[in-house]
Amino acid sequence: MSNKKKIYYRFTFSLASALSVGSGENQYSDSDIVRDSAGDPFIPGSSLAGIYRSMFENKEAEKYFGTALKEDKEAGSRILVYDAKLCKTGKEAFYQKTIRDCVGLDEWKTGKMGCKFDFEVIEPGAEFVTYLEQDWEENDRDIGKALAIAWKEERIRIGRKTMRGLGSIRDVTVCRRAFELTDQKELDTWLDFDMYCDQDWDDTEVGEDFWKEAKKGIAMSKTAISLKWQLRQRGGISIRRYTTQVSRGNIQPDAEHLTCIVEKDGKEIPYIPGTSWAGVFRHHMELLCPGCTEEYFGSCEKRSLVRFHESFIDKARPKVLTRNAVDRFTGGVVDNALFTEKMWYGGTTVLQIEIPAHADKRFKQALAASLADLHMGLLSIGGLTAVGRGVFEGEELLIGNESVVPGEGMYEEILKKLEGR
């Protein structure tokens, strides 16, 4: 009798950025998140299965994840992928949900005048748990090992707008259990195994030996160049959301910079969306080198090849400013009206970008010049940039594992490292 096993993995993780997995409903926004019967958000197993399948060559994907009907033959999946559910402490699960705005598009995928599109997200900090089950037969590959590497290295990204920072993960733990079904004792243990019981996963977190074995035979080709830059604010930041909330003794400002709640203590964290970074870099690079971004930043028909992460601003101080309200059409002052805005000053953040390694020289030149301009204050982000908002100064830039010191000659140094010289 050939060997047969049941292999189980448990992946627990936290959201490093907001998550949007749409349900097709529009009760709270134009695109609501998926909820279960109790009203809690979850990530469907079908979404995770699609991500897993895309990581394997087609022949191997069909062997383990099944095939569609082809020549009167079809094969079901031998990998069972379970929904990712919120981790609960007692009966409660911590998560924050908000609604984000973007520009509404018409049938040609271009901006529609006077129209916006909003969608619901789960903010960073929410913890999820998901499971994977494999029917293993002799000479099969342990699929979970390759997926565990992707989870641990935080290469799994879930939901919409992943190239603009959404759906990133952190704090991953991996547990594994395997049962030899041809052994009566292990078969009995398997029959008593409850995948959803935490005690049945005690002392099963994988160790160093597992990771060494899992990495064997995995070819890590260099397909992307990563940039990570520590930035310091030189002024305020104003990427606005407008508010109309008024409560007794607590009048909210007319507008405030974007913030999210990522901890259970309710602390506000200001952030810069990946979409904002992408917009200012694309515009600036086009000014420097027209046409250089067309192939890489995406279009109606093509997904972006450049990933911008969301940037959370650390140690920033809030400040509320009141000024005369201005008529947006005439530019003049509105009689007897004031405008109040909440902004954040004095913080630090990290800009993370991933570009394809095969990007051409014109693109890399424009990107290097834009990064230098960001450090010098010639590239700013958000609103009111003409009066000093959205200006940053670079402190430490890492391209791959190599460091670039900001200052005179940094353009040449950045370009050299982007080109691998």
# chains A, B, ... in the order shown; residues from 1 in each chain; ligands from 1
>>> residues_around(residues="stretch 316-324 of chain A", least_positions_apart="6", cutoff="8 Å", atoms="only C-alpha atoms", output="PyMOL selection string")
chain A and resi 253+270+333-334+337-348
>>> write_last_selection(atoms="C-alpha atoms", output="PDB file, in the first residue's frame")
ATOM      1  CA  PRO A 253     -12.551  70.158  11.883  1.00  0.00           C
ATOM      2  CA  PRO A 270      -1.520  59.461  10.065  1.00  0.00           C
ATOM      3  CA  VAL A 333     -12.524  84.916   0.756  1.00  0.00           C
ATOM      4  CA  VAL A 334     -16.020  83.752   1.783  1.00  0.00           C
ATOM      5  CA  ALA A 337     -16.787  81.921   7.116  1.00  0.00           C
ATOM      6  CA  LEU A 338     -13.834  80.063   8.581  1.00  0.00           C
ATOM      7  CA  PHE A 339     -12.175  76.792   7.570  1.00  0.00           C
ATOM      8  CA  THR A 340     -10.595  74.494  10.184  1.00  0.00           C
ATOM      9  CA  GLU A 341      -8.106  71.765   9.290  1.00  0.00           C
ATOM     10  CA  LYS A 342      -6.247  69.154  11.353  1.00  0.00           C
ATOM     11  CA  MET A 343      -2.709  68.358  10.168  1.00  0.00           C
ATOM     12  CA  TRP A 344       0.342  66.500  11.481  1.00  0.00           C
ATOM     13  CA  TYR A 345       3.879  67.826  11.958  1.00  0.00           C
ATOM     14  CA  GLY A 346       7.335  66.622  12.941  1.00  0.00           C
ATOM     15  CA  GLY A 347       7.032  62.922  12.109  1.00  0.00           C
ATOM     16  CA  THR A 348       9.099  60.346  10.279  1.00  0.00           C
TER      17      THR A 348
END
>>> residues_around(residues="A:Trp211", least_positions_apart="3", cutoff="10 Å", atoms="only C-alpha atoms", output="ChimeraX atom specification")
/A:145-146,148-149,152,206-208,214-216
>>> write_last_selection(atoms="all heavy atoms", output="CSV table (one decimal), in the first residue's frame")
chain,number,residue,atom,x,y,z
A,145,LYS,N,5.0,23.9,2.1
A,145,LYS,CA,6.3,24.4,2.4
A,145,LYS,C,6.6,25.6,1.6
A,145,LYS,O,7.1,26.6,2.1
A,145,LYS,CB,7.4,23.3,2.2
A,145,LYS,CG,7.4,22.3,3.3
A,145,LYS,CD,8.6,21.3,3.1
A,145,LYS,CE,8.7,20.3,4.2
A,145,LYS,NZ,9.9,19.4,4.0
A,146,ALA,N,6.3,25.5,0.3
A,146,ALA,CA,6.6,26.7,-0.6
A,146,ALA,C,5.7,27.9,-0.2
A,146,ALA,O,6.1,29.0,-0.2
A,146,ALA,CB,6.3,26.3,-2.1
A,148,ALA,N,4.5,28.4,2.8
A,148,ALA,CA,5.0,29.0,4.1
A,148,ALA,C,6.1,30.0,3.9
A,148,ALA,O,6.2,31.0,4.6
A,148,ALA,CB,5.5,27.8,4.9
A,149,ILE,N,7.0,29.7,2.9
A,149,ILE,CA,8.1,30.7,2.6
A,149,ILE,C,7.4,32.0,2.1
A,149,ILE,O,7.9,33.1,2.6
A,149,ILE,CB,9.0,30.1,1.5
A,149,ILE,CG1,9.8,28.9,2.0
A,149,ILE,CG2,9.9,31.2,1.0
A,149,ILE,CD1,10.8,29.2,3.0
A,152,LYS,N,6.0,33.7,5.2
A,152,LYS,CA,7.0,34.2,6.1
A,152,LYS,C,7.7,35.4,5.6
A,152,LYS,O,8.1,36.4,6.3
A,152,LYS,CB,8.0,33.1,6.4
A,152,LYS,CG,8.8,33.4,7.7
A,152,LYS,CD,8.0,33.4,8.9
A,152,LYS,CE,8.8,33.6,10.2
A,152,LYS,NZ,8.0,33.6,11.4
A,206,VAL,N,6.6,25.8,13.3
A,206,VAL,CA,7.8,25.3,12.6
A,206,VAL,C,9.0,26.0,13.0
A,206,VAL,O,9.0,27.2,13.4
A,206,VAL,CB,7.6,25.4,11.1
A,206,VAL,CG1,6.4,24.6,10.6
A,206,VAL,CG2,7.5,26.8,10.6
A,207,GLY,N,10.2,25.3,13.0
A,207,GLY,CA,11.4,25.8,13.5
A,207,GLY,C,12.4,26.0,12.3
A,207,GLY,O,12.1,25.9,11.1
A,208,GLU,N,13.7,26.2,12.7
A,208,GLU,CA,14.8,26.5,11.7
A,208,GLU,C,15.0,25.3,10.8
A,208,GLU,O,15.2,25.6,9.6
A,208,GLU,CB,16.1,26.8,12.5
A,208,GLU,CG,16.1,28.1,13.2
A,208,GLU,CD,15.9,29.3,12.2
A,208,GLU,OE1,16.5,29.2,11.1
A,208,GLU,OE2,15.2,30.2,12.6
A,214,ALA,N,12.6,23.8,3.6
A,214,ALA,CA,11.6,24.4,2.7
A,214,ALA,C,12.3,25.3,1.6
A,214,ALA,O,11.8,25.3,0.4
A,214,ALA,CB,10.7,25.3,3.5
A,215,LYS,N,13.5,25.9,1.9
A,215,LYS,CA,14.1,26.7,0.9
A,215,LYS,C,15.0,26.0,-0.1
A,215,LYS,O,15.4,26.5,-1.1
A,215,LYS,CB,15.0,27.7,1.7
A,215,LYS,CG,14.2,28.8,2.4
A,215,LYS,CD,15.1,29.8,3.1
A,215,LYS,CE,14.3,30.9,3.8
A,215,LYS,NZ,15.2,31.9,4.4
A,216,LYS,N,15.2,24.7,0.1
A,216,LYS,CA,15.9,23.9,-0.8
A,216,LYS,C,15.2,23.7,-2.1
A,216,LYS,O,14.0,23.4,-2.2
A,216,LYS,CB,16.2,22.5,-0.2
A,216,LYS,CG,17.2,22.4,0.9
A,216,LYS,CD,17.4,21.0,1.4
A,216,LYS,CE,18.5,20.9,2.5
A,216,LYS,NZ,18.7,19.6,3.0
>>> residues_around(residues="A:Trp151", least_positions_apart="2", cutoff="9 Å", atoms="only C-alpha atoms", output="ChimeraX atom specification")
/A:11,13,146-149,153-156,169-170,172-174
>>> closest_residue(among="A:Leu367, A:Ala178, A:Leu305, A:Ile313", to="A:Tyr8", atoms="only C-alpha atoms")
A:Ala178
>>> atom_distance(atom1="atom CA of A:Ile33", atom2="atom CA of A:Asp118")
11.6 Å
>>> select_by_dssp(residues="stretch 147-396 of chain A", states="strand (DSSP E)", output="short mmCIF file (atom, residue, chain, number, x, y, z; two decimals) with N, CA, C and O atoms, in the first residue's frame")
data_model
loop_
_atom_site.label_atom_id
_atom_site.label_comp_id
_atom_site.auth_asym_id
_atom_site.auth_seq_id
_atom_site.Cartn_x
_atom_site.Cartn_y
_atom_site.Cartn_z
N ILE A 169 0.85 42.13 4.64
CA ILE A 169 0.75 41.37 5.89
C ILE A 169 2.02 41.52 6.71
O ILE A 169 3.05 41.99 6.22
N ARG A 170 1.95 41.10 7.98
CA ARG A 170 3.11 41.11 8.87
C ARG A 170 2.85 40.10 10.00
O ARG A 170 1.77 39.50 10.09
N ASP A 171 3.85 39.91 10.86
CA ASP A 171 3.71 39.08 12.07
C ASP A 171 3.14 37.70 11.77
O ASP A 171 2.19 37.24 12.41
N VAL A 172 3.73 37.03 10.79
CA VAL A 172 3.24 35.72 10.37
C VAL A 172 3.80 34.61 11.26
O VAL A 172 4.99 34.61 11.59
N THR A 173 2.95 33.68 11.66
CA THR A 173 3.41 32.45 12.31
C THR A 173 2.86 31.27 11.52
O THR A 173 1.73 31.32 11.01
N VAL A 174 3.67 30.22 11.43
CA VAL A 174 3.31 29.04 10.65
C VAL A 174 3.37 27.81 11.55
O VAL A 174 4.39 27.57 12.20
N CYS A 175 2.29 27.05 11.58
CA CYS A 175 2.25 25.78 12.31
C CYS A 175 1.95 24.66 11.32
O CYS A 175 1.24 24.86 10.32
N ARG A 176 2.47 23.46 11.60
CA ARG A 176 2.29 22.34 10.69
C ARG A 176 2.04 21.05 11.47
O ARG A 176 2.68 20.81 12.49
N ARG A 177 1.11 20.24 10.95
CA ARG A 177 0.88 18.90 11.47
C ARG A 177 0.69 17.93 10.31
O ARG A 177 0.08 18.28 9.29
N ALA A 178 1.24 16.73 10.44
CA ALA A 178 1.12 15.70 9.41
C ALA A 178 0.75 14.38 10.05
O ALA A 178 1.23 14.06 11.15
N PHE A 179 -0.09 13.61 9.37
CA PHE A 179 -0.55 12.32 9.88
C PHE A 179 -0.34 11.25 8.82
O PHE A 179 -0.79 11.42 7.68
N GLU A 180 0.35 10.18 9.19
CA GLU A 180 0.57 9.04 8.31
C GLU A 180 -0.65 8.12 8.41
O GLU A 180 -0.85 7.42 9.42
N ALA A 224 12.55 41.97 -9.02
CA ALA A 224 12.19 43.33 -8.60
C ALA A 224 13.33 43.96 -7.81
O ALA A 224 14.13 43.27 -7.18
N ILE A 225 13.40 45.27 -7.89
CA ILE A 225 14.37 46.06 -7.11
C ILE A 225 13.56 46.80 -6.05
O ILE A 225 12.60 47.51 -6.36
N SER A 226 13.94 46.64 -4.80
CA SER A 226 13.21 47.29 -3.72
C SER A 226 13.97 48.52 -3.22
O SER A 226 15.20 48.51 -3.13
N LEU A 227 13.22 49.58 -2.93
CA LEU A 227 13.77 50.80 -2.37
C LEU A 227 13.06 51.08 -1.05
O LEU A 227 11.83 51.00 -0.97
N LYS A 228 13.82 51.41 -0.04
CA LYS A 228 13.27 51.71 1.27
C LYS A 228 13.97 52.96 1.80
O LYS A 228 15.19 52.95 2.03
N TRP A 229 13.19 54.02 2.00
CA TRP A 229 13.79 55.32 2.34
C TRP A 229 13.15 55.87 3.60
O TRP A 229 11.94 56.05 3.68
N GLN A 230 13.99 56.15 4.59
CA GLN A 230 13.55 56.81 5.81
C GLN A 230 13.44 58.30 5.54
O GLN A 230 14.41 58.94 5.12
N LEU A 231 12.24 58.86 5.78
CA LEU A 231 11.98 60.27 5.50
C LEU A 231 11.58 61.01 6.77
O LEU A 231 10.97 60.44 7.68
N ARG A 232 11.92 62.29 6.80
CA ARG A 232 11.54 63.15 7.92
C ARG A 232 10.76 64.34 7.40
O ARG A 232 11.14 64.97 6.40
N GLN A 233 9.66 64.69 8.07
CA GLN A 233 8.84 65.82 7.65
C GLN A 233 9.58 67.14 7.84
O GLN A 233 10.23 67.36 8.87
N ARG A 240 -6.33 65.30 2.42
CA ARG A 240 -7.55 65.55 3.18
C ARG A 240 -8.62 64.49 3.05
O ARG A 240 -8.78 63.86 2.01
N ARG A 241 -9.36 64.34 4.16
CA ARG A 241 -10.72 63.81 4.09
C ARG A 241 -11.59 64.86 4.78
O ARG A 241 -11.19 65.44 5.81
N TYR A 242 -12.76 65.09 4.24
CA TYR A 242 -13.64 66.13 4.76
C TYR A 242 -14.62 65.52 5.76
O TYR A 242 -15.07 64.38 5.60
N VAL A 246 -20.41 66.54 14.08
CA VAL A 246 -20.50 67.52 15.15
C VAL A 246 -21.19 66.86 16.33
O VAL A 246 -22.25 66.26 16.18
N SER A 247 -20.56 66.91 17.50
CA SER A 247 -21.20 66.38 18.71
C SER A 247 -21.11 67.45 19.79
O SER A 247 -20.36 68.41 19.68
N ASN A 250 -17.82 69.00 21.07
CA ASN A 250 -16.70 68.48 20.29
C ASN A 250 -17.02 68.66 18.80
O ASN A 250 -17.61 67.80 18.16
N ILE A 251 -16.60 69.78 18.28
CA ILE A 251 -16.84 70.08 16.86
C ILE A 251 -15.63 69.60 16.06
O ILE A 251 -14.50 70.03 16.31
N ALA A 255 -11.81 69.60 7.74
CA ALA A 255 -11.01 68.62 7.00
C ALA A 255 -9.87 68.17 7.90
O ALA A 255 -9.43 68.89 8.80
N GLU A 256 -9.39 66.96 7.66
CA GLU A 256 -8.26 66.44 8.42
C GLU A 256 -7.44 65.52 7.54
O GLU A 256 -7.96 64.92 6.59
N HIS A 257 -6.16 65.44 7.86
CA HIS A 257 -5.31 64.52 7.13
C HIS A 257 -5.73 63.08 7.43
O HIS A 257 -6.23 62.76 8.50
N THR A 259 -6.02 59.46 8.61
CA THR A 259 -5.49 58.68 9.73
C THR A 259 -6.23 57.35 9.79
O THR A 259 -7.30 57.18 9.23
N CYS A 260 -5.61 56.40 10.51
CA CYS A 260 -6.28 55.13 10.76
C CYS A 260 -6.01 54.73 12.21
O CYS A 260 -5.12 55.27 12.87
N ILE A 261 -6.81 53.81 12.70
CA ILE A 261 -6.66 53.28 14.05
C ILE A 261 -6.07 51.88 13.92
O ILE A 261 -6.72 50.98 13.39
N GLU A 268 -4.64 57.37 16.96
CA GLU A 268 -4.66 57.72 15.54
C GLU A 268 -3.26 57.69 14.95
O GLU A 268 -2.32 58.22 15.54
N ILE A 269 -3.13 57.11 13.76
CA ILE A 269 -1.85 57.09 13.05
C ILE A 269 -2.06 57.74 11.68
O ILE A 269 -2.83 57.22 10.86
N PRO A 270 -1.41 58.88 11.41
CA PRO A 270 -1.52 59.46 10.06
C PRO A 270 -0.75 58.62 9.05
O PRO A 270 0.26 58.00 9.38
N TYR A 271 -1.24 58.59 7.83
CA TYR A 271 -0.58 57.79 6.81
C TYR A 271 -0.68 58.47 5.45
O TYR A 271 -1.50 59.38 5.23
N ILE A 272 0.17 58.02 4.54
CA ILE A 272 0.16 58.48 3.15
C ILE A 272 -0.21 57.28 2.28
O ILE A 272 0.52 56.29 2.27
N ARG A 307 5.15 48.91 -7.48
CA ARG A 307 4.39 48.83 -6.23
C ARG A 307 4.83 49.94 -5.27
O ARG A 307 6.02 50.08 -4.99
N PHE A 308 3.86 50.72 -4.79
CA PHE A 308 4.10 51.71 -3.75
C PHE A 308 3.40 51.25 -2.49
O PHE A 308 2.20 50.97 -2.51
N SER A 311 2.60 54.56 3.64
CA SER A 311 3.59 55.07 4.59
C SER A 311 2.89 55.58 5.84
O SER A 311 2.08 56.52 5.77
N PHE A 312 3.19 54.97 6.97
CA PHE A 312 2.63 55.40 8.25
C PHE A 312 3.60 56.37 8.91
O PHE A 312 4.80 56.10 9.00
N ARG A 317 2.95 65.10 15.47
CA ARG A 317 2.09 65.83 16.41
C ARG A 317 0.92 66.48 15.65
O ARG A 317 1.15 67.14 14.63
N PRO A 318 -0.30 66.31 16.14
CA PRO A 318 -1.44 66.93 15.46
C PRO A 318 -1.52 68.42 15.77
O PRO A 318 -1.14 68.87 16.86
N LYS A 319 -2.03 69.16 14.84
CA LYS A 319 -2.23 70.60 15.03
C LYS A 319 -3.44 71.04 14.23
O LYS A 319 -3.59 70.68 13.06
N VAL A 320 -4.33 71.79 14.87
CA VAL A 320 -5.54 72.27 14.21
C VAL A 320 -5.35 73.75 13.87
O VAL A 320 -5.05 74.57 14.75
N LEU A 321 -5.51 74.09 12.61
CA LEU A 321 -5.36 75.47 12.14
C LEU A 321 -6.69 75.99 11.63
O LEU A 321 -7.45 75.25 10.97
N THR A 322 -6.99 77.25 11.92
CA THR A 322 -8.21 77.89 11.45
C THR A 322 -7.82 79.10 10.61
O THR A 322 -6.97 79.90 11.01
N ARG A 323 -8.44 79.21 9.46
CA ARG A 323 -8.16 80.34 8.56
C ARG A 323 -9.46 80.76 7.89
O ARG A 323 -10.52 80.14 8.06
N ASN A 324 -9.38 81.83 7.10
CA ASN A 324 -10.54 82.25 6.33
C ASN A 324 -10.90 81.20 5.29
O ASN A 324 -10.02 80.63 4.64
N ALA A 325 -12.18 80.92 5.15
CA ALA A 325 -12.63 80.00 4.10
C ALA A 325 -12.49 80.68 2.74
O ALA A 325 -12.72 81.88 2.59
N VAL A 326 -12.11 79.89 1.75
CA VAL A 326 -11.87 80.41 0.40
C VAL A 326 -12.85 79.75 -0.57
O VAL A 326 -13.07 78.54 -0.53
N VAL A 333 -12.11 85.25 -0.60
CA VAL A 333 -12.52 84.92 0.76
C VAL A 333 -14.05 84.89 0.85
O VAL A 333 -14.73 85.77 0.32
N VAL A 334 -14.58 83.84 1.55
CA VAL A 334 -16.02 83.75 1.78
C VAL A 334 -16.37 84.60 3.00
O VAL A 334 -15.76 84.46 4.06
N ASP A 335 -17.34 85.49 2.86
CA ASP A 335 -17.71 86.39 3.95
C ASP A 335 -18.18 85.61 5.17
O ASP A 335 -18.97 84.67 5.07
N ASN A 336 -17.67 86.02 6.34
CA ASN A 336 -18.10 85.47 7.63
C ASN A 336 -17.98 83.95 7.73
O ASN A 336 -18.82 83.29 8.35
N ALA A 337 -16.96 83.38 7.08
CA ALA A 337 -16.79 81.92 7.12
C ALA A 337 -15.33 81.57 7.42
O ALA A 337 -14.40 82.23 6.93
N LEU A 338 -15.17 80.55 8.25
CA LEU A 338 -13.83 80.06 8.58
C LEU A 338 -13.70 78.61 8.14
O LEU A 338 -14.70 77.89 7.98
N PHE A 339 -12.47 78.18 7.95
CA PHE A 339 -12.18 76.79 7.57
C PHE A 339 -11.14 76.24 8.56
O PHE A 339 -10.09 76.85 8.78
N THR A 340 -11.47 75.10 9.18
CA THR A 340 -10.59 74.49 10.18
C THR A 340 -10.06 73.17 9.67
O THR A 340 -10.82 72.35 9.15
N GLU A 341 -8.74 72.97 9.81
CA GLU A 341 -8.11 71.77 9.29
C GLU A 341 -7.14 71.18 10.32
O GLU A 341 -6.41 71.92 11.00
N LYS A 342 -7.15 69.86 10.45
CA LYS A 342 -6.25 69.15 11.35
C LYS A 342 -5.12 68.52 10.54
O LYS A 342 -5.37 67.73 9.63
N MET A 343 -3.87 68.88 10.88
CA MET A 343 -2.71 68.36 10.17
C MET A 343 -1.73 67.76 11.17
O MET A 343 -1.91 67.86 12.38
N TRP A 344 -0.65 67.17 10.65
CA TRP A 344 0.34 66.50 11.48
C TRP A 344 1.73 67.01 11.11
O TRP A 344 2.06 67.14 9.93
N TYR A 345 2.55 67.24 12.15
CA TYR A 345 3.88 67.83 11.96
C TYR A 345 4.94 66.99 12.69
O TYR A 345 4.66 66.31 13.68
N THR A 348 8.24 61.07 11.22
CA THR A 348 9.10 60.35 10.28
C THR A 348 8.27 59.24 9.64
O THR A 348 7.29 58.76 10.23
N THR A 349 8.68 58.83 8.47
CA THR A 349 7.97 57.76 7.77
C THR A 349 8.94 57.01 6.88
O THR A 349 10.12 57.37 6.78
N VAL A 350 8.45 55.97 6.23
CA VAL A 350 9.26 55.17 5.33
C VAL A 350 8.55 55.07 3.99
O VAL A 350 7.37 54.69 3.93
N LEU A 351 9.25 55.42 2.93
CA LEU A 351 8.75 55.25 1.57
C LEU A 351 9.32 53.96 1.01
O LEU A 351 10.54 53.78 0.96
N GLN A 352 8.44 53.03 0.60
CA GLN A 352 8.87 51.76 0.03
C GLN A 352 8.32 51.63 -1.39
O GLN A 352 7.12 51.78 -1.61
N ILE A 353 9.21 51.33 -2.31
CA ILE A 353 8.85 51.18 -3.73
C ILE A 353 9.50 49.90 -4.24
O ILE A 353 10.63 49.58 -3.88
N GLU A 354 8.79 49.18 -5.09
CA GLU A 354 9.36 48.03 -5.78
C GLU A 354 9.15 48.23 -7.27
O GLU A 354 8.03 48.45 -7.72
N ILE A 355 10.25 48.16 -8.03
CA ILE A 355 10.18 48.34 -9.47
C ILE A 355 10.70 47.08 -10.15
O ILE A 355 11.50 46.34 -9.57
N PRO A 356 10.27 46.79 -11.38
CA PRO A 356 10.77 45.60 -12.07
C PRO A 356 12.26 45.75 -12.39
O PRO A 356 12.71 46.83 -12.79
N PHE A 392 9.40 66.60 2.41
CA PHE A 392 10.15 65.64 3.20
C PHE A 392 11.65 65.76 2.91
O PHE A 392 12.06 66.27 1.86
N GLU A 393 12.42 65.25 3.85
CA GLU A 393 13.88 65.19 3.70
C GLU A 393 14.33 63.75 3.95
O GLU A 393 13.91 63.13 4.93
N GLY A 394 15.15 63.22 3.05
CA GLY A 394 15.60 61.84 3.17
C GLY A 394 16.70 61.67 4.20
O GLY A 394 17.56 62.54 4.35
N GLU A 395 16.67 60.55 4.93
CA GLU A 395 17.71 60.26 5.92
C GLU A 395 18.56 59.05 5.52
O GLU A 395 19.76 59.11 5.52
N GLU A 396 17.93 57.94 5.21
CA GLU A 396 18.67 56.75 4.81
C GLU A 396 17.92 56.04 3.69
O GLU A 396 16.74 55.73 3.84
#
>>> residues_around(residues="A:Ser29", least_positions_apart="3", cutoff="12 Å", atoms="only C-alpha atoms", output="number ranges by chain")
A: 20, 22-26, 32-33, 97-102, 116-121
>>> closest_residue(among="A:Ser238, A:Gln252, A:Gly331, A:Lys361", to="A:Arg389", atoms="only C-alpha atoms")
A:Ser238
>>> closest_residue(among="A:Lys4, A:Arg157, A:His375, A:Lys63", to="A:Leu187", atoms="only C-alpha atoms")
A:Lys4
>>> select_by_dssp(residues="stretch 102-331 of chain A", states="helix (DSSP H, G or I)", output="MDAnalysis selection string")
chainID A and resid 143:152 162:164 184:192 198:201 208:215 274:288
>>> residues_around(residues="stretch 413-421 of chain A", least_positions_apart="6", cutoff="8 Å", atoms="only C-alpha atoms", output="list in words")
Ile225, Lys361, Lys364, Gln365, Ala368, Ile399, Glu402 and Val404 of chain A
>>> write_last_selection(atoms="C-alpha atoms", output="compact mmCIF listing (two decimals), in the first residue's frame")
# COMPACT_ATOMS: atom_id res chain seq x y z
CA ILE A 225 14.37 46.06 -7.11
CA LYS A 361 17.22 53.25 -18.50
CA LYS A 364 15.37 54.48 -13.90
CA GLN A 365 16.85 57.89 -14.71
CA ALA A 368 16.48 58.52 -9.60
CA ILE A 399 18.31 50.02 -2.66
CA GLU A 402 23.01 48.82 -0.52
CA VAL A 404 22.85 55.66 -0.51
>>> atom_distance(atom1="atom CA of A:Asp40", atom2="atom CA of A:Leu258")
24.2 Å
>>> closest_residue(among="A:Gln96, A:Thr162, A:Ser54, A:Ser37", to="A:Pro273", atoms="only C-alpha atoms")
A:Thr162
>>> decode(residues="stretch 289-321 of chain A", atoms="C-alpha atoms", output="short mmCIF file (atom, residue, chain, number, x, y, z; two decimals), in the first residue's frame")
data_model
loop_
_atom_site.label_atom_id
_atom_site.label_comp_id
_atom_site.auth_asym_id
_atom_site.auth_seq_id
_atom_site.Cartn_x
_atom_site.Cartn_y
_atom_site.Cartn_z
CA CYS A 289 10.98 62.29 -19.19
CA PRO A 290 7.66 62.20 -21.12
CA GLY A 291 6.42 58.70 -21.85
CA CYS A 292 8.80 56.92 -19.45
CA THR A 293 6.04 55.65 -17.13
CA GLU A 294 3.55 54.29 -19.70
CA GLU A 295 4.83 50.72 -19.63
CA TYR A 296 5.31 50.51 -15.87
CA PHE A 297 2.58 52.44 -14.02
CA GLY A 298 -0.35 50.59 -15.53
CA SER A 299 -3.32 51.61 -17.66
CA CYS A 300 -6.93 50.64 -18.28
CA GLU A 301 -5.79 47.37 -19.88
CA LYS A 302 -2.60 46.63 -17.96
CA ARG A 303 -1.76 46.19 -14.29
CA SER A 304 0.94 48.39 -12.78
CA LEU A 305 4.42 46.88 -12.52
CA VAL A 306 5.46 49.37 -9.84
CA ARG A 307 4.39 48.83 -6.23
CA PHE A 308 4.10 51.71 -3.75
CA HIS A 309 3.52 50.80 -0.12
CA GLU A 310 1.48 52.90 2.27
CA SER A 311 3.59 55.07 4.59
CA PHE A 312 2.63 55.40 8.25
CA ILE A 313 3.91 58.55 9.92
CA ASP A 314 5.53 57.95 13.29
CA LYS A 315 5.93 60.42 16.18
CA ALA A 316 3.96 63.16 14.42
CA ARG A 317 2.09 65.83 16.41
CA PRO A 318 -1.44 66.93 15.46
CA LYS A 319 -2.23 70.60 15.03
CA VAL A 320 -5.54 72.27 14.21
CA LEU A 321 -5.36 75.47 12.14
#
